[in-house]
file input.txt (compact mmCIF, C-alpha atoms)
# COMPACT_ATOMS: atom_id res chain seq x y z
CA MET J 10 11.77 -8.26 -23.54
CA ALA J 11 8.98 -5.76 -23.07
CA LEU J 12 6.71 -6.65 -20.16
CA LYS J 13 3.09 -5.63 -20.22
CA TYR J 14 0.23 -5.48 -17.78
CA PRO J 15 -2.81 -7.57 -18.64
CA ASP J 16 -4.52 -4.41 -19.91
CA GLY J 17 -1.69 -3.76 -22.36
CA ARG J 18 0.13 -0.94 -20.57
CA PRO J 19 3.89 -1.40 -20.63
CA PHE J 20 5.41 -2.52 -17.34
CA GLN J 21 8.24 -0.21 -16.26
CA GLN J 22 10.34 -1.00 -13.27
CA SER J 23 11.66 2.13 -11.59
CA THR J 24 15.37 2.46 -12.19
CA PRO J 25 17.68 5.28 -11.20
CA LEU J 26 18.34 7.78 -13.96
CA SER J 27 21.64 7.38 -15.75
CA ARG J 28 24.05 10.30 -15.51
CA SER J 29 23.59 11.25 -19.15
CA LYS J 30 19.84 11.50 -18.70
CA ARG J 31 20.22 13.46 -15.50
CA THR J 32 22.51 16.09 -16.95
CA SER J 33 20.41 16.84 -20.04
CA VAL J 34 17.89 19.10 -18.34
CA GLN J 35 14.63 19.46 -20.21
CA TYR J 36 11.47 20.77 -18.68
CA GLY J 37 8.05 19.38 -19.39
CA ASN J 38 7.43 15.77 -20.13
CA ARG J 39 10.86 14.22 -20.48
CA GLY J 40 9.75 11.00 -22.10
CA MET J 41 9.23 9.39 -18.71
CA SER J 42 5.96 7.73 -17.93
CA LEU J 43 3.71 9.59 -15.54
CA GLU J 44 4.25 6.74 -13.08
CA GLN J 45 8.02 7.22 -13.17
CA GLU J 46 7.62 10.95 -12.65
CA ILE J 47 5.32 10.45 -9.65
CA ASN J 48 7.72 7.89 -8.21
CA GLU J 49 10.61 10.37 -8.52
CA THR J 50 8.46 13.07 -6.95
CA ASN J 51 7.51 10.81 -4.03
CA LYS J 52 11.14 9.91 -3.50
CA TYR J 53 11.98 13.63 -3.32
CA TYR J 54 9.16 14.19 -0.81
CA ARG J 55 10.30 11.22 1.30
CA VAL J 56 14.01 12.00 1.29
CA ASN J 57 13.28 15.62 2.29
CA GLY J 58 10.84 14.65 5.06
CA ILE J 59 7.92 16.39 3.35
CA ALA J 60 5.55 13.44 3.01
CA VAL J 61 5.60 9.62 3.03
CA ILE J 62 3.86 8.43 -0.13
CA HIS J 63 4.54 5.07 -1.78
CA LYS J 64 3.33 3.27 -4.85
CA LYS J 65 1.83 -0.05 -3.87
CA PRO J 66 3.35 -3.21 -5.31
CA ILE J 67 1.48 -4.89 -8.17
CA PRO J 68 -0.77 -7.59 -6.73
CA ILE J 69 0.23 -11.05 -7.89
CA GLN J 70 -1.36 -14.47 -7.40
CA ILE J 71 1.51 -16.88 -6.79
CA VAL J 72 0.97 -20.47 -7.92
CA ASN J 73 4.38 -22.09 -7.95
CA VAL J 74 7.73 -21.30 -6.32
CA ASP J 75 11.07 -23.07 -6.64
CA TYR J 76 13.52 -23.19 -3.74
CA PRO J 77 16.90 -23.85 -5.33
CA LYS J 78 19.64 -24.76 -2.85
CA ARG J 79 21.94 -21.89 -1.90
CA SER J 80 20.05 -19.30 -3.93
CA ALA J 81 16.93 -17.16 -3.73
CA ALA J 82 13.42 -18.55 -4.12
CA VAL J 83 12.18 -18.22 -7.71
CA ILE J 84 8.53 -17.68 -8.54
CA ARG J 85 7.85 -19.95 -11.51
CA GLU J 86 4.15 -19.42 -12.04
CA ALA J 87 2.14 -16.36 -11.02
CA TYR J 88 -0.62 -14.20 -12.44
CA PHE J 89 -1.46 -10.51 -12.33
CA LYS J 90 -4.46 -9.75 -10.12
CA GLN J 91 -6.69 -6.73 -10.53
CA PRO J 92 -5.75 -4.17 -7.87
CA SER J 93 -8.51 -3.59 -5.30
CA THR J 94 -7.23 -0.15 -4.38
CA THR J 95 -5.50 2.81 -5.98
CA ASP J 96 -1.79 2.92 -6.78
CA TYR J 97 -0.59 5.53 -4.31
CA ASN J 98 -1.24 6.32 -0.68
CA GLY J 99 0.50 7.75 2.32
CA VAL J 100 0.62 10.51 4.90
CA TYR J 101 1.23 14.25 4.61
CA GLN J 102 1.09 16.48 7.71
CA GLY J 103 -1.44 14.22 9.41
CA HIS J 104 -3.58 13.86 6.27
CA TYR J 105 -4.20 10.55 4.57
CA LEU J 106 -3.59 10.89 0.82
CA ASP J 107 -4.89 8.39 -1.72
CA PHE J 108 -4.67 8.78 -5.49
CA GLU J 109 -4.29 7.38 -8.95
CA ALA J 110 -2.11 8.71 -11.77
CA LYS J 111 -3.49 8.35 -15.29
CA GLU J 112 -2.46 9.44 -18.76
CA THR J 113 -4.61 9.78 -21.85
CA ARG J 114 -3.78 10.59 -25.47
CA ASN J 115 -7.30 11.95 -25.87
CA LYS J 116 -7.25 15.75 -26.36
CA THR J 117 -10.80 16.68 -25.41
CA ALA J 118 -11.78 14.43 -22.53
CA PHE J 119 -10.57 11.89 -19.99
CA PRO J 120 -12.22 8.47 -20.57
CA LEU J 121 -13.82 6.92 -17.47
CA SER J 122 -12.67 3.52 -18.74
CA ASN J 123 -9.35 4.41 -17.10
CA PHE J 124 -10.92 3.42 -13.79
CA HIS J 125 -12.25 0.14 -12.41
CA ALA J 126 -15.45 0.25 -10.36
CA HIS J 127 -13.68 -1.04 -7.22
CA GLN J 128 -11.07 1.73 -7.47
CA VAL J 129 -13.82 4.35 -7.44
CA ASP J 130 -15.50 2.50 -4.55
CA HIS J 131 -12.18 2.54 -2.71
CA LEU J 132 -11.79 6.30 -3.25
CA LYS J 133 -15.36 6.90 -2.04
CA ALA J 134 -14.68 4.86 1.10
CA CYS J 135 -11.50 6.87 1.74
CA VAL J 136 -13.32 10.20 1.28
CA ALA J 137 -15.95 8.97 3.77
CA GLN J 138 -13.06 8.56 6.26
CA ASN J 139 -11.88 12.14 5.53
CA GLY J 140 -8.99 11.06 3.34
CA ILE J 141 -7.68 13.47 0.68
CA CYS J 142 -8.41 11.73 -2.63
CA PHE J 143 -7.70 12.76 -6.20
CA THR J 144 -6.34 11.72 -9.58
CA ILE J 145 -3.28 13.14 -11.29
CA VAL J 146 -4.35 13.35 -14.95
CA ARG J 147 -1.98 13.93 -17.85
CA PHE J 148 -3.21 14.84 -21.32
CA THR J 149 -0.11 13.52 -23.01
CA VAL J 150 -0.56 15.10 -26.44
CA LEU J 151 -1.42 18.53 -24.99
CA ASP J 152 1.29 18.13 -22.33
CA GLU J 153 -1.21 19.29 -19.68
CA LEU J 154 -1.24 18.00 -16.14
CA TYR J 155 -3.98 18.39 -13.52
CA LEU J 156 -4.81 17.33 -10.02
CA MET J 157 -8.49 16.39 -10.34
CA PRO J 158 -10.42 16.19 -7.03
CA ALA J 159 -12.26 12.95 -6.30
CA ALA J 160 -15.62 14.79 -6.31
CA THR J 161 -15.32 15.49 -10.05
CA LEU J 162 -14.56 11.84 -10.76
CA PHE J 163 -17.48 10.66 -8.59
CA ARG J 164 -19.99 12.97 -10.30
CA TYR J 165 -19.07 11.80 -13.81
CA TRP J 166 -18.68 8.19 -12.72
CA ASP J 167 -22.16 8.07 -11.19
CA GLN J 168 -23.90 9.70 -14.19
CA GLN J 169 -22.40 7.45 -16.86
CA THR J 170 -25.12 4.79 -16.50
CA SER J 171 -27.96 7.31 -16.88
CA ALA J 172 -29.79 7.75 -20.21
CA THR J 173 -27.88 10.92 -21.07
CA GLY J 174 -24.68 9.72 -19.40
CA ARG J 175 -21.31 10.29 -21.03
CA LYS J 176 -18.31 7.98 -20.73
CA SER J 177 -15.66 10.62 -20.20
CA ILE J 178 -14.89 13.81 -18.27
CA PRO J 179 -14.48 16.87 -20.55
CA ARG J 180 -11.04 18.48 -20.44
CA GLU J 181 -12.61 21.91 -19.68
CA VAL J 182 -14.30 20.47 -16.59
CA ILE J 183 -11.00 19.05 -15.34
CA ALA J 184 -9.31 22.39 -16.07
CA ALA J 185 -12.05 24.31 -14.22
CA GLU J 186 -12.51 22.04 -11.18
CA GLY J 187 -8.97 20.71 -10.98
CA ILE J 188 -5.68 22.37 -10.21
CA SER J 189 -3.15 22.79 -13.00
CA LEU J 190 0.26 21.28 -12.24
CA GLN J 191 3.48 22.65 -13.75
CA TYR J 192 6.55 20.49 -14.21
CA GLY J 193 9.49 21.41 -12.04
CA LEU J 194 13.04 20.17 -11.75
CA ASN J 195 12.78 18.87 -8.21
CA PRO J 196 10.21 17.71 -7.41
CA ARG J 197 9.26 16.91 -10.96
CA ILE J 198 5.50 17.13 -10.32
CA PRO J 199 4.94 19.30 -7.22
CA TYR J 200 1.46 17.95 -6.56
CA LEU J 201 1.56 18.66 -2.81
CA ASP J 202 1.28 22.39 -3.62
CA ALA J 203 -2.09 21.56 -5.21
CA VAL J 204 -2.97 19.34 -2.22
CA ASN J 205 -2.37 22.36 0.03
CA GLN J 206 -4.98 24.27 -1.99
CA LEU J 207 -7.35 21.32 -1.73
CA ILE J 208 -6.95 21.19 2.08
CA GLY J 209 -6.90 24.97 2.68
CA MET D 12 3.06 -27.31 -1.95
CA ALA D 13 3.97 -25.07 0.96
CA LEU D 14 5.18 -21.66 -0.18
CA LYS D 15 7.61 -19.73 1.93
CA TYR D 16 8.98 -16.22 2.08
CA PRO D 17 12.74 -15.89 1.65
CA ASP D 18 13.06 -15.55 5.42
CA GLY D 19 11.33 -18.87 5.98
CA ARG D 20 7.88 -17.69 7.07
CA PRO D 21 5.09 -19.64 5.42
CA PHE D 22 3.26 -17.80 2.65
CA GLN D 23 -0.51 -17.82 3.21
CA GLN D 24 -2.85 -16.47 0.64
CA SER D 25 -6.02 -15.14 2.20
CA THR D 26 -8.92 -17.42 1.33
CA PRO D 27 -12.53 -17.21 2.51
CA LEU D 28 -13.31 -19.45 5.46
CA SER D 29 -15.14 -22.63 4.64
CA ARG D 30 -18.60 -23.04 6.15
CA SER D 31 -17.43 -25.75 8.54
CA LYS D 32 -14.75 -23.49 9.94
CA ARG D 33 -17.14 -20.58 10.24
CA THR D 34 -19.76 -22.48 12.21
CA SER D 35 -17.38 -23.93 14.81
CA VAL D 36 -17.18 -20.85 17.02
CA GLN D 37 -14.10 -20.78 19.22
CA TYR D 38 -12.76 -17.70 20.89
CA GLY D 39 -9.10 -16.88 21.19
CA ASN D 40 -6.57 -17.93 18.62
CA ARG D 41 -8.45 -20.19 16.23
CA GLY D 42 -5.42 -21.62 14.49
CA MET D 43 -5.41 -18.74 12.02
CA SER D 44 -2.27 -16.80 11.44
CA LEU D 45 -2.22 -13.31 12.90
CA GLU D 46 -2.13 -12.02 9.33
CA GLN D 47 -5.34 -13.85 8.44
CA GLU D 48 -7.02 -12.50 11.56
CA ILE D 49 -6.00 -8.93 10.80
CA ASN D 50 -7.18 -9.34 7.20
CA GLU D 51 -10.59 -10.56 8.42
CA THR D 52 -10.74 -7.66 10.86
CA ASN D 53 -9.90 -5.13 8.14
CA LYS D 54 -12.56 -6.63 5.91
CA TYR D 55 -15.11 -6.18 8.71
CA TYR D 56 -14.02 -2.56 9.22
CA ARG D 57 -14.22 -1.86 5.46
CA VAL D 58 -17.57 -3.54 4.83
CA ASN D 59 -19.08 -1.66 7.77
CA GLY D 60 -17.63 1.70 6.75
CA ILE D 61 -15.55 1.98 9.92
CA ALA D 62 -12.09 2.31 8.35
CA VAL D 63 -10.27 1.60 5.09
CA ILE D 64 -7.18 -0.46 5.90
CA HIS D 65 -5.51 -2.82 3.42
CA LYS D 66 -2.58 -5.18 3.50
CA LYS D 67 -0.11 -4.23 0.82
CA PRO D 68 0.74 -6.77 -1.86
CA ILE D 69 4.07 -8.60 -1.54
CA PRO D 70 6.69 -6.77 -3.60
CA ILE D 71 7.99 -8.86 -6.48
CA GLN D 72 10.76 -8.31 -9.00
CA ILE D 73 9.43 -9.59 -12.31
CA VAL D 74 12.00 -10.93 -14.77
CA ASN D 75 10.08 -12.91 -17.36
CA VAL D 76 6.44 -13.01 -18.48
CA ASP D 77 4.73 -15.24 -21.05
CA TYR D 78 1.81 -13.96 -23.12
CA PRO D 79 0.00 -17.08 -24.29
CA LYS D 80 -2.61 -16.41 -26.98
CA ARG D 81 -6.17 -16.21 -25.70
CA SER D 82 -5.21 -16.58 -22.04
CA ALA D 83 -3.84 -14.53 -19.18
CA ALA D 84 -0.22 -13.41 -18.97
CA VAL D 85 1.88 -15.81 -16.89
CA ILE D 86 4.82 -14.65 -14.81
CA ARG D 87 7.53 -17.28 -15.40
CA GLU D 88 10.40 -15.82 -13.42
CA ALA D 89 10.15 -13.44 -10.50
CA TYR D 90 11.80 -12.91 -7.13
CA PHE D 91 10.65 -11.74 -3.72
CA LYS D 92 11.87 -8.26 -2.84
CA GLN D 93 12.33 -6.97 0.69
CA PRO D 94 9.37 -4.71 1.51
CA SER D 95 10.39 -1.06 1.99
CA THR D 96 7.37 -0.25 4.12
CA THR D 97 5.10 -1.92 6.65
CA ASP D 98 2.36 -4.41 5.76
CA TYR D 99 -0.73 -2.39 6.61
CA ASN D 100 -1.88 1.17 6.12
CA GLY D 101 -5.04 3.14 5.55
CA VAL D 102 -7.38 5.80 6.86
CA TYR D 103 -9.59 5.94 9.95
CA GLN D 104 -11.66 9.06 10.68
CA GLY D 105 -9.14 11.31 9.01
CA HIS D 106 -6.16 9.63 10.67
CA TYR D 107 -3.44 7.88 8.71
CA LEU D 108 -2.78 4.44 10.25
CA ASP D 109 0.37 2.44 9.56
CA PHE D 110 1.34 -0.78 11.27
CA GLU D 111 2.94 -4.19 11.27
CA ALA D 112 1.53 -7.41 12.74
CA LYS D 113 4.07 -9.80 14.26
CA GLU D 114 3.91 -13.06 16.18
CA THR D 115 6.55 -14.59 18.43
CA ARG D 116 6.77 -17.94 20.23
CA ASN D 117 9.05 -16.31 22.75
CA LYS D 118 7.33 -16.04 26.17
CA THR D 119 9.38 -13.33 27.84
CA ALA D 120 10.26 -10.81 25.15
CA PHE D 121 9.64 -9.71 21.59
CA PRO D 122 12.83 -10.03 19.47
CA LEU D 123 13.78 -6.90 17.53
CA SER D 124 14.96 -9.17 14.70
CA ASN D 125 11.29 -9.23 13.66
CA PHE D 126 11.87 -5.80 12.09
CA HIS D 127 14.05 -4.59 9.24
CA ALA D 128 15.83 -1.26 9.65
CA HIS D 129 13.94 0.31 6.72
CA GLN D 130 10.59 -0.67 8.27
CA VAL D 131 11.51 1.18 11.45
CA ASP D 132 12.74 4.13 9.34
CA HIS D 133 9.42 4.09 7.50
CA LEU D 134 7.46 4.13 10.78
CA LYS D 135 9.58 7.01 12.09
CA ALA D 136 8.94 8.99 8.89
CA CYS D 137 5.19 8.36 9.24
CA VAL D 138 5.18 9.45 12.89
CA ALA D 139 7.00 12.64 11.82
CA GLN D 140 4.01 13.27 9.47
CA ASN D 141 1.58 12.75 12.39
CA GLY D 142 0.58 9.26 11.32
CA ILE D 143 -0.71 6.79 13.94
CA CYS D 144 1.88 4.01 13.99
CA PHE D 145 2.07 0.80 16.01
CA THR D 146 2.68 -2.93 15.96
CA ILE D 147 0.15 -5.62 16.74
CA VAL D 148 2.18 -8.17 18.70
CA ARG D 149 1.04 -11.68 19.49
CA PHE D 150 2.78 -13.87 22.03
CA THR D 151 1.55 -17.09 20.47
CA VAL D 152 2.34 -19.50 23.31
CA LEU D 153 0.85 -17.20 25.97
CA ASP D 154 -2.06 -16.33 23.66
CA GLU D 155 -1.57 -12.64 24.49
CA LEU D 156 -2.16 -9.85 22.04
CA TYR D 157 -1.06 -6.21 22.32
CA LEU D 158 -1.12 -3.00 20.36
CA MET D 159 2.39 -1.66 20.97
CA PRO D 160 2.87 2.06 20.22
CA ALA D 161 5.65 2.99 17.80
CA ALA D 162 7.43 4.97 20.56
CA THR D 163 8.16 1.75 22.48
CA LEU D 164 9.61 0.11 19.38
CA PHE D 165 11.74 3.16 18.56
CA ARG D 166 13.20 3.35 22.09
CA TYR D 167 14.27 -0.29 22.10
CA TRP D 168 15.36 -0.23 18.46
CA ASP D 169 17.66 2.75 19.01
CA GLN D 170 19.30 1.34 22.17
CA GLN D 171 20.15 -2.08 20.74
CA THR D 172 23.49 -0.94 19.30
CA SER D 173 24.66 0.59 22.59
CA ALA D 174 27.07 -1.27 24.87
CA THR D 175 24.30 -2.36 27.23
CA GLY D 176 21.74 -2.70 24.46
CA ARG D 177 19.35 -5.63 24.39
CA LYS D 178 17.97 -7.29 21.26
CA SER D 179 14.37 -7.63 22.37
CA ILE D 180 11.54 -5.77 24.08
CA PRO D 181 10.52 -7.36 27.43
CA ARG D 182 6.96 -8.64 27.55
CA GLU D 183 6.27 -6.59 30.72
CA VAL D 184 7.24 -3.39 28.90
CA ILE D 185 4.86 -4.19 26.06
CA ALA D 186 2.13 -5.04 28.57
CA ALA D 187 2.73 -1.77 30.46
CA GLU D 188 3.14 0.62 27.52
CA GLY D 189 0.88 -1.17 25.06
CA ILE D 190 -2.84 -1.81 25.03
CA SER D 191 -4.07 -5.36 25.58
CA LEU D 192 -6.34 -6.66 22.80
CA GLN D 193 -9.05 -9.24 23.43
CA TYR D 194 -10.27 -11.55 20.68
CA GLY D 195 -13.84 -10.96 19.58
CA LEU D 196 -16.17 -12.68 17.19
CA ASN D 197 -16.58 -9.78 14.79
CA PRO D 198 -14.25 -8.04 14.39
CA ARG D 199 -11.84 -10.76 15.40
CA ILE D 200 -9.17 -8.33 16.67
CA PRO D 201 -10.86 -5.02 17.53
CA TYR D 202 -7.66 -3.01 17.34
CA LEU D 203 -9.41 0.27 16.47
CA ASP D 204 -10.71 0.41 20.06
CA ALA D 205 -7.08 0.55 21.13
CA VAL D 206 -6.32 3.11 18.40
CA ASN D 207 -9.07 5.31 19.90
CA GLN D 208 -7.21 5.20 23.23
CA LEU D 209 -3.97 6.04 21.44
CA ILE D 210 -5.57 9.07 19.75
CA GLY D 211 -7.68 10.19 22.72
call {"tool": "encode", "arguments": {"input": "input.txt", "output": "structure tokens"}}
result
Amino acid sequence: MALKYPDGRPFQQSTPLSRSKRTSVQYGNRGMSLEQEINETNKYYRVNGIAVIHKKPIPIQIVNVDYPKRSAAVIREAYFKQPSTTDYNGVYQGHYLDFEAKETRNKTAFPLSNFHAHQVDHLKACVAQNGICFTIVRFTVLDELYLMPAATLFRYWDQQTSATGRKSIPREVIAAEGISLQYGLNPRIPYLDAVNQLIG
Amino acid sequence: MALKYPDGRPFQQSTPLSRSKRTSVQYGNRGMSLEQEINETNKYYRVNGIAVIHKKPIPIQIVNVDYPKRSAAVIREAYFKQPSTTDYNGVYQGHYLDFEAKETRNKTAFPLSNFHAHQVDHLKACVAQNGICFTIVRFTVLDELYLMPAATLFRYWDQQTSATGRKSIPREVIAAEGISLQYGLNPRIPYLDAVNQLIG
């Protein structure tokens, strides 16, 4: 059965790659979700002692739990809650990193509707504490991948309610202000190279 | 119905304090769990722009979800997973903070069984990335509260498998190597004051 988030995105639990998938090497987007690719990348960074970045668990409101004898507790009624923070955070060479990963099928711009207001507020609060904040954006159809600094998001987010405000960030702006990411074999999405540019 | 974690600890969802509770000012341990007190403290730090620290959601393995028409998705079967990281992390003045909060009714020592091996591994990996890592320890019966640096935990954790190894950290060691925390009104547990000492 296909599980979905309340907003309609498919729910994908991270599973190790099967051998057949692992041996058929293809570069570029290998049909994995961006989330899976970031999770693989983070695992590579962790295992190699490069950075400690985790995806946060999905927040759930638990209503009812069964305690069957001699077996594990079963949650029988629970609901998805809206996350109050971003999906990823962690530490890299003393820096606090905090980011979202988002895909769009749009070819010309990245819709701001991909963010909730409290996620942007969270990123602003982290930047105020000198955290390194960004979004990894994938234009799925174009197969383009960028690290977009939080400042670009904030500028477009804050202007969207003005009279001339637009509801998306143009692709050219992301290409100009962001850092292009190229797929690799290991790590799949070497976003820390872009973070080094952001810091340096 | 009382919910419990698989290890028997009671599950407490954070709820806002009722007015009656808020007006009866008592110092010291006010019958709240340490987790509730840390959550209140973090909220104070966030609202006042002092630091951005969150408790991570409980990791859940989702097996079955219902999608009733015209109402929210309901998780019908899910299981508690063992967390792979600590409960709290975030950013404070450019520093990455990562910690656990643990209570014991033991009066003479803090049992190492309060930690899982992968939590200690996680803390070691974060320290290697120059994160600020510690445990907030409460001796419930003594009503004593300490910020214990990660180094103390690591030393005792690593010796426990040796021939003369002990399975707990003596209270005197925590008192000597840690920083005593005093309850306040707001924030309830001003642990960032201790973090300043740790950094400085």
call {"tool": "closest_residue", "arguments": {"input": "input.txt", "among": "D:Ala161, D:Ala84, D:Leu45, D:Ile64", "to": "chain J", "atoms": "all atoms listed in the file"}}
result
D:Ala84
call {"tool": "interface_residues", "arguments": {"input": "input.txt", "of": "chain J", "to": "chain D", "cutoff": "7 Å", "atoms": "all atoms listed in the file", "output": "ChimeraX atom specification"}}
result
/J:12,15,60-61,65-68,74,81-88,100-105,134-135,138-140
call {"tool": "calpha_fit_rmsd", "arguments": {"input": "input.txt", "fixed": "chain J", "moving": "chain D"}}
result
0.1 Å
call {"tool": "residues_around", "arguments": {"input": "input.txt", "residues": "Asp152 (chain J)", "least_positions_apart": "2", "cutoff": "10 Å", "atoms": "only C-alpha atoms", "output": "list in words"}}
result
Gly37, Asn38, Arg114, Lys116, Arg147, Phe148, Thr149, Val150, Leu154, Gln191 and Tyr192 of chain J
call {"tool": "atom_distance", "arguments": {"input": "input.txt", "atom1": "CA of Gln91 (chain J)", "atom2": "CA of Asn50 (chain D)"}}
result
17.9 Å
call {"tool": "closest_residue", "arguments": {"input": "input.txt", "among": "D:Phe121, D:Leu164, D:Ile147, D:Phe110", "to": "Ile200 (chain D)", "atoms": "only C-alpha atoms"}}
result
D:Ile147
call {"tool": "closest_residue", "arguments": {"input": "input.txt", "among": "J:Asn57, J:Arg79, J:Tyr200, J:Thr173", "to": "Ile188 (chain J)", "atoms": "all atoms listed in the file"}}
result
J:Tyr200
call {"tool": "atom_distance", "arguments": {"input": "input.txt", "atom1": "CA of Tyr55 (chain D)", "atom2": "CA of Leu153 (chain D)"}}
result
26.0 Å
call {"tool": "atom_distance", "arguments": {"input": "input.txt", "atom1": "CA of Ala118 (chain J)", "atom2": "CA of Thr50 (chain J)"}}
result
25.6 Å
call {"tool": "axis_aligned_box", "arguments": {"input": "input.txt", "around": "region 117-125 of chain J", "padding_each_side": "6 Å", "output": "lines of an AutoDock Vina configuration file"}}
result
center_x = -11.6
center_y = 8.4
center_z = -18.9
size_x = 16.5
size_y = 28.5
size_z = 25.0
call {"tool": "decode", "arguments": {"input": "input.txt", "residues": "region 148-154 of chain J", "atoms": "all heavy atoms", "output": "CSV table (one decimal), in the first residue's frame"}}
result
chain,number,residue,atom,x,y,z
J,148,PHE,N,15.2,20.9,-9.7
J,148,PHE,CA,14.3,21.0,-10.8
J,148,PHE,C,14.3,19.7,-11.5
J,148,PHE,O,15.2,19.4,-12.3
J,148,PHE,CB,14.7,22.2,-11.7
J,148,PHE,CG,14.6,23.5,-11.1
J,148,PHE,CD1,15.6,24.2,-10.5
J,148,PHE,CD2,13.3,24.2,-11.2
J,148,PHE,CE1,15.5,25.4,-9.9
J,148,PHE,CE2,13.2,25.5,-10.6
J,148,PHE,CZ,14.3,26.0,-10.0
J,149,THR,N,13.3,18.9,-11.2
J,149,THR,CA,13.3,17.5,-11.6
J,149,THR,C,13.3,17.3,-13.1
J,149,THR,O,14.1,16.5,-13.6
J,149,THR,CB,12.0,16.8,-11.0
J,149,THR,OG1,12.0,17.1,-9.6
J,149,THR,CG2,12.0,15.3,-11.2
J,150,VAL,N,12.5,18.1,-13.8
J,150,VAL,CA,12.4,17.9,-15.2
J,150,VAL,C,13.7,18.3,-15.9
J,150,VAL,O,14.2,17.7,-16.9
J,150,VAL,CB,11.2,18.7,-15.8
J,150,VAL,CG1,11.1,18.6,-17.3
J,150,VAL,CG2,9.9,18.2,-15.2
J,151,LEU,N,14.3,19.4,-15.4
J,151,LEU,CA,15.6,19.9,-16.0
J,151,LEU,C,16.8,19.1,-15.5
J,151,LEU,O,17.9,19.2,-16.0
J,151,LEU,CB,15.8,21.4,-15.6
J,151,LEU,CG,14.7,22.3,-16.0
J,151,LEU,CD1,15.0,23.7,-15.4
J,151,LEU,CD2,14.5,22.4,-17.5
J,152,ASP,N,16.5,18.3,-14.5
J,152,ASP,CA,17.6,17.6,-13.8
J,152,ASP,C,18.7,18.5,-13.3
J,152,ASP,O,19.9,18.3,-13.5
J,152,ASP,CB,18.2,16.4,-14.7
J,152,ASP,CG,18.8,15.3,-13.8
J,152,ASP,OD1,18.7,15.4,-12.6
J,152,ASP,OD2,19.5,14.5,-14.4
J,153,GLU,N,18.3,19.6,-12.7
J,153,GLU,CA,19.2,20.6,-12.2
J,153,GLU,C,19.1,20.7,-10.6
J,153,GLU,O,18.0,20.6,-10.1
J,153,GLU,CB,19.0,22.0,-12.7
J,153,GLU,CG,19.4,22.2,-14.2
J,153,GLU,CD,19.1,23.6,-14.7
J,153,GLU,OE1,18.6,24.4,-14.0
J,153,GLU,OE2,19.4,23.8,-15.9
J,154,LEU,N,20.2,20.8,-10.0
J,154,LEU,CA,20.3,20.7,-8.5
J,154,LEU,C,21.1,21.9,-8.0
J,154,LEU,O,22.2,22.2,-8.5
J,154,LEU,CB,21.0,19.4,-8.2
J,154,LEU,CG,20.8,18.8,-6.8
J,154,LEU,CD1,19.4,18.5,-6.5
J,154,LEU,CD2,21.6,17.5,-6.8
